[in-house]
$ cat protein36.cif   # mmCIF, C-alpha atoms
data_query
#
loop_
_atom_site.label_atom_id
_atom_site.label_comp_id
_atom_site.auth_asym_id
_atom_site.auth_seq_id
_atom_site.Cartn_x
_atom_site.Cartn_y
_atom_site.Cartn_z
CA MET V 1 -15.38 15.31 -8.79
CA VAL V 2 -11.70 15.49 -9.76
CA SER V 3 -9.93 13.12 -12.06
CA PRO V 4 -7.79 10.34 -10.59
CA THR V 5 -4.67 11.48 -12.41
CA ARG V 6 -3.75 14.54 -14.37
CA THR V 7 -0.76 15.68 -16.36
CA THR V 8 0.10 19.18 -17.38
CA ASN V 9 0.79 17.89 -20.89
CA SER V 10 -2.60 16.30 -21.40
CA THR V 11 -6.27 17.09 -21.15
CA PRO V 12 -7.45 17.18 -17.52
CA GLY V 13 -8.85 13.85 -16.57
CA THR V 14 -6.59 11.90 -18.91
CA ALA V 15 -4.51 9.31 -17.13
CA ALA V 16 -0.79 9.43 -17.60
CA PRO V 17 0.84 6.31 -19.06
CA ALA V 18 1.59 3.96 -16.18
CA GLY V 19 5.24 3.45 -17.10
CA ARG V 20 5.93 7.15 -17.42
CA SER V 21 4.25 7.86 -14.06
CA ALA V 22 6.19 5.09 -12.33
CA ALA V 23 9.49 6.43 -13.66
CA LEU V 24 8.58 9.95 -12.54
CA ILE V 25 7.64 8.78 -9.03
CA ALA V 26 10.91 6.81 -8.78
CA VAL V 27 12.98 9.88 -9.68
CA LEU V 28 11.02 12.09 -7.27
CA GLY V 29 11.59 9.55 -4.51
CA ALA V 30 15.33 9.58 -5.21
CA LEU V 31 15.32 13.39 -5.17
CA SER V 32 13.61 13.32 -1.76
CA ALA V 33 16.26 10.96 -0.38
CA VAL V 34 19.29 13.09 -1.28
CA ALA V 35 19.02 15.66 1.52
CA PRO V 36 18.53 13.17 4.39
CA LEU V 37 21.37 11.03 3.06
CA ALA V 38 23.68 14.02 2.76
CA THR V 39 22.76 15.04 6.31
CA ASP V 40 23.73 11.83 8.07
CA MET V 41 25.82 9.61 5.80
CA TYR V 42 29.13 11.12 6.90
CA VAL V 43 28.40 10.94 10.66
CA PRO V 44 30.40 7.70 11.16
CA GLY V 45 33.41 9.51 9.71
CA PHE V 46 33.39 12.41 12.22
CA PRO V 47 36.45 11.26 14.19
CA ALA V 48 38.52 10.72 11.05
CA MET V 49 37.37 14.07 9.63
CA GLY V 50 38.47 15.86 12.78
CA ALA V 51 41.90 14.29 12.59
CA ALA V 52 42.32 14.95 8.86
CA LEU V 53 41.18 18.57 9.02
CA HIS V 54 42.83 19.33 12.39
CA ALA V 55 39.45 20.38 13.82
CA ASN V 56 37.74 19.70 17.14
CA SER V 57 34.43 17.86 17.48
CA THR V 58 32.43 21.09 17.81
CA ALA V 59 33.69 22.37 14.45
CA ILE V 60 32.92 19.03 12.80
CA GLN V 61 29.40 19.04 14.27
CA LEU V 62 28.92 22.52 12.83
CA THR V 63 29.29 21.10 9.33
CA MET V 64 25.94 19.36 9.90
CA THR V 65 24.39 22.51 11.35
CA THR V 66 25.40 24.61 8.35
CA PHE V 67 24.04 21.95 5.98
CA LEU V 68 20.69 21.95 7.77
CA ALA V 69 20.62 25.76 7.72
CA GLY V 70 21.15 25.68 3.94
CA LEU V 71 18.51 22.97 3.59
CA VAL V 72 15.87 25.00 5.44
CA ALA V 73 16.73 28.30 3.74
CA GLY V 74 16.94 26.65 0.33
CA GLN V 75 13.45 25.20 0.60
CA LEU V 76 11.95 28.49 1.75
CA VAL V 77 13.44 30.28 -1.28
CA ILE V 78 13.40 27.66 -4.03
CA GLY V 79 9.81 26.54 -3.43
CA PRO V 80 8.25 29.98 -4.03
CA LEU V 81 10.77 30.70 -6.80
CA SER V 82 9.58 27.61 -8.68
CA ASP V 83 6.00 28.90 -8.65
CA THR V 84 7.30 31.80 -10.75
CA MET V 85 10.02 30.12 -12.86
CA GLY V 86 8.75 26.57 -13.20
CA ARG V 87 10.21 23.33 -11.80
CA ARG V 88 12.46 21.70 -14.39
CA ARG V 89 15.20 24.33 -14.79
CA LEU V 90 15.57 24.65 -11.03
CA LEU V 91 15.68 20.88 -10.61
CA ILE V 92 18.39 20.47 -13.22
CA GLY V 93 20.45 23.32 -11.79
CA GLY V 94 19.96 22.15 -8.20
CA THR V 95 20.96 18.54 -8.78
CA ALA V 96 23.97 19.54 -10.88
CA ALA V 97 25.05 22.01 -8.19
CA PHE V 98 24.64 19.33 -5.53
CA ALA V 99 26.94 16.99 -7.47
CA ALA V 100 29.60 19.69 -7.90
CA LEU V 101 29.43 20.86 -4.28
CA SER V 102 29.60 17.29 -2.97
CA LEU V 103 32.79 16.75 -4.95
CA ALA V 104 34.13 20.05 -3.59
CA CYS V 105 33.38 18.83 -0.05
CA ALA V 106 35.41 15.71 -0.75
CA LEU V 107 38.37 17.92 -1.67
CA ALA V 108 37.97 20.46 1.17
CA PRO V 109 41.42 21.34 2.59
CA ASN V 110 40.19 22.59 5.97
CA VAL V 111 37.08 22.75 8.14
CA GLN V 112 36.43 26.43 7.37
CA THR V 113 36.10 25.67 3.68
CA LEU V 114 33.97 22.62 4.45
CA LEU V 115 31.56 24.71 6.54
CA ILE V 116 30.91 27.06 3.60
CA LEU V 117 30.59 24.20 1.14
CA ARG V 118 28.15 22.34 3.38
CA LEU V 119 25.94 25.42 3.64
CA LEU V 120 25.80 25.68 -0.16
CA GLN V 121 25.35 21.93 -0.50
CA GLY V 122 22.32 22.16 1.78
CA VAL V 123 20.77 24.83 -0.43
CA ALA V 124 21.33 22.66 -3.51
CA ALA V 125 19.95 19.54 -1.77
CA ALA V 126 16.81 21.47 -0.86
CA THR V 127 15.92 21.73 -4.55
CA GLY V 128 15.08 18.07 -5.01
CA MET V 129 13.22 17.78 -1.72
CA VAL V 130 10.97 20.81 -2.12
CA LEU V 131 10.30 20.40 -5.83
CA ALA V 132 9.51 16.68 -5.64
CA ARG V 133 6.38 17.53 -3.65
CA ALA V 134 5.54 20.46 -5.94
CA VAL V 135 5.85 18.29 -9.06
CA LEU V 136 3.52 15.72 -7.51
CA SER V 137 0.96 18.44 -6.79
CA ASP V 138 1.27 19.71 -10.38
CA ARG V 139 1.07 16.33 -12.02
CA PHE V 140 -1.59 14.40 -10.13
CA ASP V 141 -4.86 14.90 -8.33
CA GLY V 142 -7.61 12.64 -7.04
CA PRO V 143 -7.42 9.53 -4.85
CA GLU V 144 -3.94 8.46 -6.01
CA VAL V 145 -2.30 11.55 -4.55
CA PRO V 146 -2.13 10.29 -0.92
CA ARG V 147 -0.45 7.10 -2.08
CA TYR V 148 2.24 9.03 -3.96
CA PHE V 149 2.87 11.37 -1.05
CA ALA V 150 3.06 8.32 1.21
CA LEU V 151 5.93 7.00 -0.91
CA LEU V 152 7.83 10.29 -0.60
CA ALA V 153 7.11 10.41 3.14
CA GLN V 154 8.49 6.90 3.58
CA VAL V 155 11.64 7.93 1.75
CA LEU V 156 12.02 10.95 4.03
CA GLY V 157 11.43 8.82 7.10
CA ILE V 158 13.73 5.94 6.20
CA SER V 159 16.62 7.87 4.63
CA PRO V 160 17.90 9.44 7.90
CA VAL V 161 17.78 6.00 9.47
CA ALA V 162 19.63 4.28 6.63
CA ALA V 163 22.17 7.05 6.03
CA PRO V 164 24.63 6.28 8.88
CA VAL V 165 24.56 2.57 8.02
CA LEU V 166 25.31 3.32 4.37
CA GLY V 167 28.03 5.75 5.39
CA GLY V 168 29.60 3.13 7.63
CA ALA V 169 29.65 0.65 4.75
CA ILE V 170 31.43 3.19 2.53
CA LEU V 171 33.92 3.93 5.32
CA SER V 172 34.79 0.26 5.49
CA VAL V 173 36.38 0.51 2.04
CA THR V 174 37.49 4.16 1.84
CA THR V 175 37.88 7.38 3.84
CA TRP V 176 35.30 10.00 4.81
CA ARG V 177 36.10 11.83 1.58
CA GLY V 178 34.76 8.81 -0.29
CA ILE V 179 31.31 9.45 1.22
CA PHE V 180 31.18 12.86 -0.45
CA VAL V 181 32.41 11.34 -3.71
CA ALA V 182 29.50 8.88 -3.48
CA LEU V 183 27.10 11.78 -2.94
CA ALA V 184 28.62 13.55 -5.97
CA LEU V 185 28.01 10.47 -8.11
CA ALA V 186 24.44 10.28 -6.82
CA GLY V 187 23.93 13.93 -7.73
CA ALA V 188 25.30 13.37 -11.23
CA LEU V 189 23.02 10.37 -11.78
CA LEU V 190 20.03 12.34 -10.52
CA THR V 191 20.81 15.17 -12.92
CA VAL V 192 20.69 12.70 -15.79
CA ALA V 193 17.47 11.20 -14.42
CA VAL V 194 15.81 14.61 -14.16
CA LEU V 195 16.84 15.45 -17.73
CA ALA V 196 15.40 12.15 -18.97
CA LYS V 197 12.30 11.61 -16.83
CA VAL V 198 11.04 14.85 -15.25
CA PRO V 199 9.19 17.16 -17.65
CA GLU V 200 8.18 20.71 -16.87
CA THR V 201 4.99 20.30 -14.85
CA LEU V 202 4.18 23.99 -14.38
CA PRO V 203 3.61 25.58 -17.82
CA PRO V 204 3.95 29.37 -18.15
CA ARG V 205 0.19 29.95 -18.16
CA LYS V 206 -0.07 28.47 -14.63
CA ARG V 207 2.89 30.29 -13.08
CA GLN V 208 2.65 33.19 -10.68
CA SER V 209 2.57 36.07 -13.15
CA GLN V 210 3.23 38.96 -10.77
CA GLY V 211 6.81 38.10 -9.91
CA LEU V 212 8.67 36.61 -7.00
CA ALA V 213 7.52 39.27 -4.52
CA ASN V 214 3.93 38.24 -5.10
CA THR V 215 4.91 34.60 -4.68
CA PHE V 216 6.34 35.35 -1.26
CA ARG V 217 3.16 37.24 -0.42
CA THR V 218 1.33 34.06 -1.34
CA MET V 219 3.53 32.20 1.13
CA GLY V 220 2.60 34.77 3.75
CA GLY V 221 -1.04 34.14 2.93
CA LEU V 222 -0.54 30.43 3.49
CA CYS V 223 1.00 31.18 6.88
CA ARG V 224 -2.20 32.99 7.83
CA ARG V 225 -4.36 30.00 6.92
CA ARG V 226 -5.22 28.29 10.17
CA ALA V 227 -5.71 24.76 8.90
CA PHE V 228 -2.67 24.82 6.62
CA MET V 229 -0.38 25.92 9.44
CA GLY V 230 -1.93 23.25 11.62
CA TYR V 231 -0.76 20.56 9.22
CA VAL V 232 2.64 22.24 8.86
CA LEU V 233 3.14 22.30 12.63
CA VAL V 234 1.95 18.72 13.11
CA LEU V 235 4.49 17.61 10.50
CA GLY V 236 7.30 19.76 11.90
CA LEU V 237 6.77 18.82 15.55
CA THR V 238 6.52 15.13 14.70
CA SER V 239 9.82 15.51 12.84
CA ALA V 240 11.29 17.01 16.01
CA ALA V 241 10.32 13.84 17.87
CA LEU V 242 11.82 11.68 15.10
CA PHE V 243 15.12 13.61 15.06
CA ALA V 244 15.32 13.40 18.87
CA TYR V 245 15.00 9.63 18.50
CA ILE V 246 17.63 9.48 15.75
CA SER V 247 20.14 11.57 17.71
CA GLY V 248 19.54 9.88 21.07
CA SER V 249 18.77 6.25 20.35
CA SER V 250 22.36 5.06 19.85
CA PHE V 251 23.28 6.37 23.29
CA VAL V 252 20.17 4.84 24.85
CA PHE V 253 20.61 1.37 23.37
CA GLU V 254 24.40 1.05 23.20
CA HIS V 255 25.45 2.92 26.36
CA LEU V 256 22.54 2.41 28.72
CA HIS V 257 21.42 -1.05 27.63
CA GLY V 258 24.83 -2.31 26.53
CA VAL V 259 23.84 -3.69 23.12
CA SER V 260 26.47 -4.06 20.43
CA SER V 261 26.59 -1.80 17.39
CA THR V 262 25.30 -4.71 15.31
CA ALA V 263 22.36 -5.26 17.66
CA TYR V 264 21.64 -1.54 17.64
CA SER V 265 21.54 -1.57 13.84
CA LEU V 266 18.99 -4.40 14.07
CA ILE V 267 16.85 -2.42 16.52
CA PHE V 268 17.09 0.66 14.34
CA ALA V 269 16.14 -1.34 11.24
CA THR V 270 13.19 -2.97 13.01
CA ASN V 271 11.80 0.41 14.00
CA ALA V 272 12.31 1.63 10.45
CA VAL V 273 10.26 -1.33 9.24
CA GLY V 274 7.51 -0.10 11.58
CA MET V 275 7.45 3.19 9.69
CA LEU V 276 7.31 1.32 6.38
CA ILE V 277 4.41 -0.82 7.60
CA ALA V 278 2.49 2.28 8.65
CA GLY V 279 3.21 3.98 5.33
CA PHE V 280 2.04 0.91 3.42
CA ALA V 281 -1.14 0.81 5.49
CA PHE V 282 -1.71 4.49 4.76
CA SER V 283 -1.35 3.88 1.03
CA ARG V 284 -3.88 1.06 1.12
CA LEU V 285 -6.40 2.81 3.38
CA SER V 286 -6.26 6.32 1.92
CA ARG V 287 -9.10 5.51 -0.48
CA LYS V 288 -11.35 4.25 2.31
CA ILE V 289 -10.58 6.30 5.41
CA SER V 290 -10.49 10.07 5.84
CA LEU V 291 -6.94 11.46 5.73
CA ASN V 292 -7.72 13.59 8.76
CA THR V 293 -8.82 10.46 10.60
CA MET V 294 -5.53 8.75 9.77
CA LEU V 295 -3.60 11.85 10.81
CA THR V 296 -5.42 11.92 14.14
CA THR V 297 -4.79 8.18 14.57
CA GLY V 298 -1.09 8.70 13.87
CA VAL V 299 -0.80 11.45 16.49
CA ALA V 300 -2.66 9.27 19.00
CA ILE V 301 -0.35 6.30 18.33
CA CYS V 302 2.70 8.54 18.72
CA GLY V 303 1.33 9.85 21.98
CA LEU V 304 0.70 6.32 23.20
CA GLY V 305 4.26 5.30 22.36
CA VAL V 306 6.06 8.19 24.07
CA THR V 307 3.73 8.16 27.09
CA GLY V 308 4.26 4.42 27.42
CA GLN V 309 8.02 4.92 27.37
CA LEU V 310 7.89 7.40 30.24
CA ALA V 311 5.46 5.18 32.15
CA ILE V 312 7.82 2.23 31.83
CA LEU V 313 10.75 4.37 32.97
CA GLY V 314 8.75 5.53 36.00
CA THR V 315 7.73 2.03 37.04
CA ALA V 316 10.03 -0.70 35.74
CA GLY V 317 13.01 1.60 35.10
CA GLU V 318 15.40 1.24 32.16
CA THR V 319 14.39 -1.89 30.25
CA LEU V 320 15.55 -2.83 26.77
CA ALA V 321 12.30 -4.51 25.74
CA GLY V 322 10.11 -1.69 27.07
CA THR V 323 12.15 1.04 25.38
CA TRP V 324 12.30 -0.84 22.08
CA ALA V 325 8.56 -1.60 22.07
CA SER V 326 7.50 1.94 22.94
CA LEU V 327 9.75 3.46 20.27
CA PHE V 328 8.42 0.98 17.70
CA VAL V 329 4.88 2.12 18.49
CA THR V 330 5.94 5.77 18.25
CA LEU V 331 7.44 5.26 14.79
CA LEU V 332 4.28 3.50 13.63
CA GLY V 333 2.49 6.75 14.39
CA VAL V 334 5.14 8.78 12.58
CA GLY V 335 4.63 6.58 9.53
CA LEU V 336 0.98 7.68 9.39
CA ILE V 337 1.53 11.34 10.23
CA PHE V 338 4.13 12.14 7.57
CA PRO V 339 2.07 11.22 4.47
CA ALA V 340 -1.24 12.44 5.92
CA ALA V 341 0.03 15.88 6.98
CA THR V 342 2.01 16.32 3.75
CA THR V 343 -0.92 15.38 1.50
CA LEU V 344 -3.40 17.61 3.34
CA GLY V 345 -0.98 20.52 3.50
CA GLN V 346 -0.20 20.32 -0.22
CA ALA V 347 -3.92 20.04 -0.97
CA LEU V 348 -4.67 23.26 0.90
CA GLY V 349 -1.72 25.00 -0.76
CA ARG V 350 -2.34 23.74 -4.27
CA THR V 351 -2.69 27.27 -5.68
CA ALA V 352 1.04 27.70 -4.94
CA PRO V 353 2.47 24.16 -4.59
CA GLY V 354 6.08 25.32 -4.42
CA ALA V 355 5.41 27.73 -1.57
CA ALA V 356 3.34 25.12 0.28
CA SER V 357 6.07 22.52 -0.15
CA ALA V 358 8.67 25.01 1.09
CA LEU V 359 6.79 25.64 4.32
CA LEU V 360 6.03 21.96 4.91
CA GLY V 361 9.61 20.83 4.27
CA GLY V 362 11.40 23.87 5.66
CA LEU V 363 9.75 23.75 9.08
CA GLN V 364 10.02 19.96 9.11
CA PHE V 365 13.81 20.13 9.00
CA LEU V 366 14.04 23.30 11.08
CA PHE V 367 12.23 21.65 13.99
CA GLY V 368 14.27 18.49 13.51
CA ALA V 369 17.52 20.44 13.58
CA LEU V 370 16.48 22.23 16.77
CA ALA V 371 15.47 19.02 18.52
CA SER V 372 18.52 16.91 17.60
CA PRO V 373 21.08 18.49 19.97
CA LEU V 374 18.67 18.80 22.91
CA VAL V 375 18.94 15.15 23.92
CA GLY V 376 22.67 15.41 24.67
CA LEU V 377 22.29 18.64 26.65
CA PHE V 378 20.41 16.98 29.51
CA GLY V 379 22.98 14.36 30.48
CA GLU V 380 23.81 10.78 29.57
CA THR V 381 22.66 8.81 32.60
CA SER V 382 19.09 8.08 31.53
CA SER V 383 16.83 7.75 28.50
CA THR V 384 14.37 10.10 30.18
CA PRO V 385 15.61 13.25 28.34
CA MET V 386 14.99 11.65 24.95
CA ALA V 387 11.57 10.42 26.05
CA LEU V 388 10.61 13.82 27.50
CA ILE V 389 11.69 15.75 24.39
CA MET V 390 9.74 13.34 22.21
CA LEU V 391 6.69 13.64 24.46
CA ILE V 392 6.77 17.44 24.43
CA ALA V 393 7.08 17.47 20.63
CA VAL V 394 4.19 15.03 20.17
CA ALA V 395 2.04 16.88 22.72
CA LEU V 396 2.59 20.15 20.84
CA ALA V 397 1.75 18.36 17.58
CA ALA V 398 -1.52 17.16 19.16
CA LEU V 399 -2.24 20.72 20.30
CA ALA V 400 -1.66 22.05 16.76
CA LEU V 401 -3.91 19.31 15.39
CA ILE V 402 -6.78 20.18 17.74
CA THR V 403 -6.56 23.97 17.75
CA LEU V 404 -5.43 24.70 14.18
CA ALA V 405 -5.99 21.76 11.83
CA ARG V 406 -9.29 20.76 13.51
CA PRO V 407 -9.53 17.39 11.73
CA TRP V 408 -13.27 17.04 12.29
CA LEU V 409 -13.75 19.79 9.67
CA ARG V 410 -11.97 17.61 7.08
CA HIS V 411 -9.90 20.42 5.55
CA GLY V 412 -8.22 19.37 2.31
CA GLU V 413 -10.27 16.20 1.93
CA THR V 414 -12.40 17.40 -1.00
CA LEU V 415 -9.23 17.92 -3.04
CA THR V 416 -8.09 14.31 -2.63
CA ASP V 417 -11.42 12.48 -2.71
CA ASN V 418 -12.60 10.84 -5.90
#
$ encode --input "protein36.cif" --output "C-alpha cells"
Amino acid sequence: MVSPTRTTNSTPGTAAPAGRSAALIAVLGALSAVAPLATDMYVPGFPAMGAALHANSTAIQLTMTTFLAGLVAGQLVIGPLSDTMGRRRLLIGGTAAFAALSLACALAPNVQTLLILRLLQGVAAATGMVLARAVLSDRFDGPEVPRYFALLAQVLGISPVAAPVLGGAILSVTTWRGIFVALALAGALLTVAVLAKVPETLPPRKRQSQGLANTFRTMGGLCRRRAFMGYVLVLGLTSAALFAYISGSSFVFEHLHGVSSTAYSLIFATNAVGMLIAGFAFSRLSRKISLNTMLTTGVAICGLGVTGQLAILGTAGETLAGTWASLFVTLLGVGLIFPAATTLGQALGRTAPGAASALLGGLQFLFGALASPLVGLFGETSSTPMALIMLIAVALAALALITLARPWLRHGETLTDN
C-alpha cells in the first residue's frame, strides 16, 4: 500500500500541507498552459504579421511549425536531462528563457529571425510542460495522483481552444507584437512563481547517477516496454484527432454551415466544456473505477463520436446539429483519455519520470503537429476530411490500446491504488 501523498522533503507517507500543495498544483497547471497558448495565441494575427514582415502565408505558417518542432525536441531532451540534473534549475532557466525569447519575438525585424526565435521559444516552452508532469510524479503518489494529472490534462486540452480567443482579444487593443509581449509577461510571472512555489522535488540521491547517456538509455528502455508505449500512442493519436478538430473546425462551422465567428466561438466553447465535464468526472471517479477502464471508455466514446459524424454525413449530409453533437461526444472521450493515459504512462515510467514525461508529451505534440495540416490538404468542400482523419487517429489509438496497453491486465494500476 502506498501513501496518499508524498513529498521529497518529508518522510514517505507524510501528507504535504494542503495550502502548499494547492499552490504547487496551480503553478504546475500554469506551466502546462504556456506551450499551448504560445502555439495558437498569435494565429488571429497571421494576416497582419505577413504584412508587417513582408512575408507570404506559407512563411508565417512556418513560424508555428518551427515552434512545434522546438516543443517536441525540447521535451525529448529536457525530460531525460532533468532526471540527471534535477527539476528546479531547469524550470527556472526554461521559464526565464521563454520570457526573454517571447520579448525577442515581439521585436523580430523579419520572418527569418522570427523563425529562429520561435524554434528556440518552443524549446524553452517545453520545459514547463515536461517538468510539470515529472514534478507531480516526484511529489505525490497514491489515489490523489490521477486527480492531479486530470487537472494538468484539462489545462492541456482547454489551452489550445482558448488561445485563439485570447489572442483575438489582445489584437483588439494592440498589434500582433503585443501578443508576444503578453507571453513575455506570462513567462516572467511564471519564473517568479517557480522561484517562490516550486521546490526541488528530485534530490541528488534519487537522480540518475550514471550521466545523461544512461538517462537516454533509460528512455530507450521505456520505448521497449509494451504497455508504456501503448499508453503513449493512445495519448499521441488522440491528440492527433484533437488537433485535426482544432485546425478544421472553423472551416467546417463558419464556411460550410455559415455560422458567424461569434457563434463559432460559442460552439468551440461548448465543446471545450464537454472536455472539462469529462475531466471532472475522471477526477471524481478515479478512486472508484479502474483507470484502464476509464481509458477504454474514453476511446470508445471517441470512436462513437467520430463514427457518428461520418454516419450522419453519409445519410443526412452536412448538418450543423449533427456535426456539433458528434464533435461534443468526441471531446467528452478526449477528456477521459488525456488524464487516464498520462497517469498510467507516468506510473509505469516512475523510475525515470522526466524521460517518461518527455515521451508522453513529445509524441503528443508531434502527432498533433502532423495531423493539423492534413485537414486542409484534402479540399474545402466537405467536413468529411476532418471526420476521416479523426476517425483514423482514434481507430489507431484503439488498436494501440488493445494490442499494446492491453487494459484488462491493469498495467500501472497498483502504483495509483490506495
$ atom_distance --input "protein36.cif" --atom1 "atom CA of V:Gln75" --atom2 "atom CA of V:Arg350"
16.6 Å
$ resolve_selection --input "protein36.cif" --expression "the PyMOL selection byres ((chain V and resi 400) around 10)" --output "number ranges by chain"
V: 226-227, 229-235, 237, 394-399, 401-406
$ closest_residue --input "protein36.cif" --among "V:Leu310, V:Ile92, V:Leu332, V:Ala300" --to "V:Asn271" --atoms "only C-alpha atoms"
V:Leu332
$ resolve_selection --input "protein36.cif" --expression "the PyMOL selection byres ((chain V and resi 176) around 7)" --output "ChimeraX atom specification"
/V:42,45,49,171,174-175,177-179
$ write_last_selection --input "protein36.cif" --atoms "C-alpha atoms" --output "mmCIF file, in the frame of the given file"
data_model
loop_
_atom_site.group_PDB
_atom_site.id
_atom_site.type_symbol
_atom_site.label_atom_id
_atom_site.label_comp_id
_atom_site.auth_asym_id
_atom_site.auth_seq_id
_atom_site.Cartn_x
_atom_site.Cartn_y
_atom_site.Cartn_z
ATOM 1 C CA TYR V 42 29.130 11.120 6.900
ATOM 2 C CA GLY V 45 33.410 9.510 9.710
ATOM 3 C CA MET V 49 37.370 14.070 9.630
ATOM 4 C CA LEU V 171 33.920 3.930 5.320
ATOM 5 C CA THR V 174 37.490 4.160 1.840
ATOM 6 C CA THR V 175 37.880 7.380 3.840
ATOM 7 C CA ARG V 177 36.100 11.830 1.580
ATOM 8 C CA GLY V 178 34.760 8.810 -0.290
ATOM 9 C CA ILE V 179 31.310 9.450 1.220
#
$ resolve_selection --input "protein36.cif" --expression "the PyMOL selection byres ((chain V and resi 107) around 12)" --output "MDAnalysis selection string"
chainID V and resid 49 52:53 100:106 108:111 113:114 117 175:181 184
$ residues_around --input "protein36.cif" --residues "V:Arg87" --least-positions-apart "6" --cutoff "9 Å" --atoms "all atoms listed in the file" --output "list in words"
Gly79, Leu81, Leu131, Ala134, Val135, Pro199, Glu200, Thr201, Leu202 and Gly354 of chain V
$ axis_aligned_box --input "protein36.cif" --around "stretch 365-370 of chain V" --padding-each-side "3 Å" --output "JSON"
{"center_x": 14.9, "center_y": 20.9, "center_z": 12.9, "size_x": 11.3, "size_y": 10.8, "size_z": 13.8}
$ closest_residue --input "protein36.cif" --among "V:Thr262, V:Thr127, V:Thr58, V:Thr351" --to "V:Val165" --atoms "all atoms listed in the file"
V:Thr262
$ closest_atom_pairs --input "protein36.cif" --of "stretch 166-241 of chain V" --to "stretch 22-35 of chain V" --cutoff "10 Å" --atoms "all atoms listed in the file" --output "JSON lines"
{"residue": "V:Leu183", "atom": "CA", "partner": "V:Val34", "partner_atom": "CA", "distance": 8.1}
{"residue": "V:Ala186", "atom": "CA", "partner": "V:Val34", "partner_atom": "CA", "distance": 8.1}
{"residue": "V:Gly187", "atom": "CA", "partner": "V:Val34", "partner_atom": "CA", "distance": 8.0}
{"residue": "V:Leu190", "atom": "CA", "partner": "V:Leu31", "partner_atom": "CA", "distance": 7.2}
{"residue": "V:Thr191", "atom": "CA", "partner": "V:Leu31", "partner_atom": "CA", "distance": 9.7}
{"residue": "V:Ala193", "atom": "CA", "partner": "V:Val27", "partner_atom": "CA", "distance": 6.7}
{"residue": "V:Val194", "atom": "CA", "partner": "V:Val27", "partner_atom": "CA", "distance": 7.1}
{"residue": "V:Ala196", "atom": "CA", "partner": "V:Leu24", "partner_atom": "CA", "distance": 9.6}
{"residue": "V:Lys197", "atom": "CA", "partner": "V:Leu24", "partner_atom": "CA", "distance": 5.9}
{"residue": "V:Val198", "atom": "CA", "partner": "V:Leu24", "partner_atom": "CA", "distance": 6.1}
{"residue": "V:Pro199", "atom": "CA", "partner": "V:Leu24", "partner_atom": "CA", "distance": 8.9}
$ closest_residue --input "protein36.cif" --among "V:Phe251, V:Val273, V:Leu313, V:Val155" --to "V:Leu388" --atoms "all atoms listed in the file"
V:Leu313
$ closest_residue --input "protein36.cif" --among "V:Val77, V:Ile170, V:Val123, V:Leu291" --to "V:Phe98" --atoms "all atoms listed in the file"
V:Val123
$ closest_residue --input "protein36.cif" --among "V:Ala340, V:Leu276, V:Ile267, V:Leu91" --to "V:Trp324" --atoms "all atoms listed in the file"
V:Ile267
$ atom_distance --input "protein36.cif" --atom1 "atom CA of V:Ile337" --atom2 "atom CA of V:Thr215"
27.8 Å
$ closest_residue --input "protein36.cif" --among "V:Leu348, V:Gly333, V:Gly93, V:Phe46" --to "V:Thr238" --atoms "all atoms listed in the file"
V:Gly333
$ atom_distance --input "protein36.cif" --atom1 "atom CA of V:His257" --atom2 "atom CA of V:Glu318"
7.9 Å
$ residues_around --input "protein36.cif" --residues "stretch 144-147 of chain V" --least-positions-apart "3" --cutoff "6 Å" --atoms "only C-alpha atoms" --output "PyMOL selection string"
chain V and resi 141+150+283+343
$ residues_around --input "protein36.cif" --residues "V:His255" --least-positions-apart "6" --cutoff "12 Å" --atoms "all atoms listed in the file" --output "ChimeraX atom specification"
/V:248-249,261,264,318,320,380-383
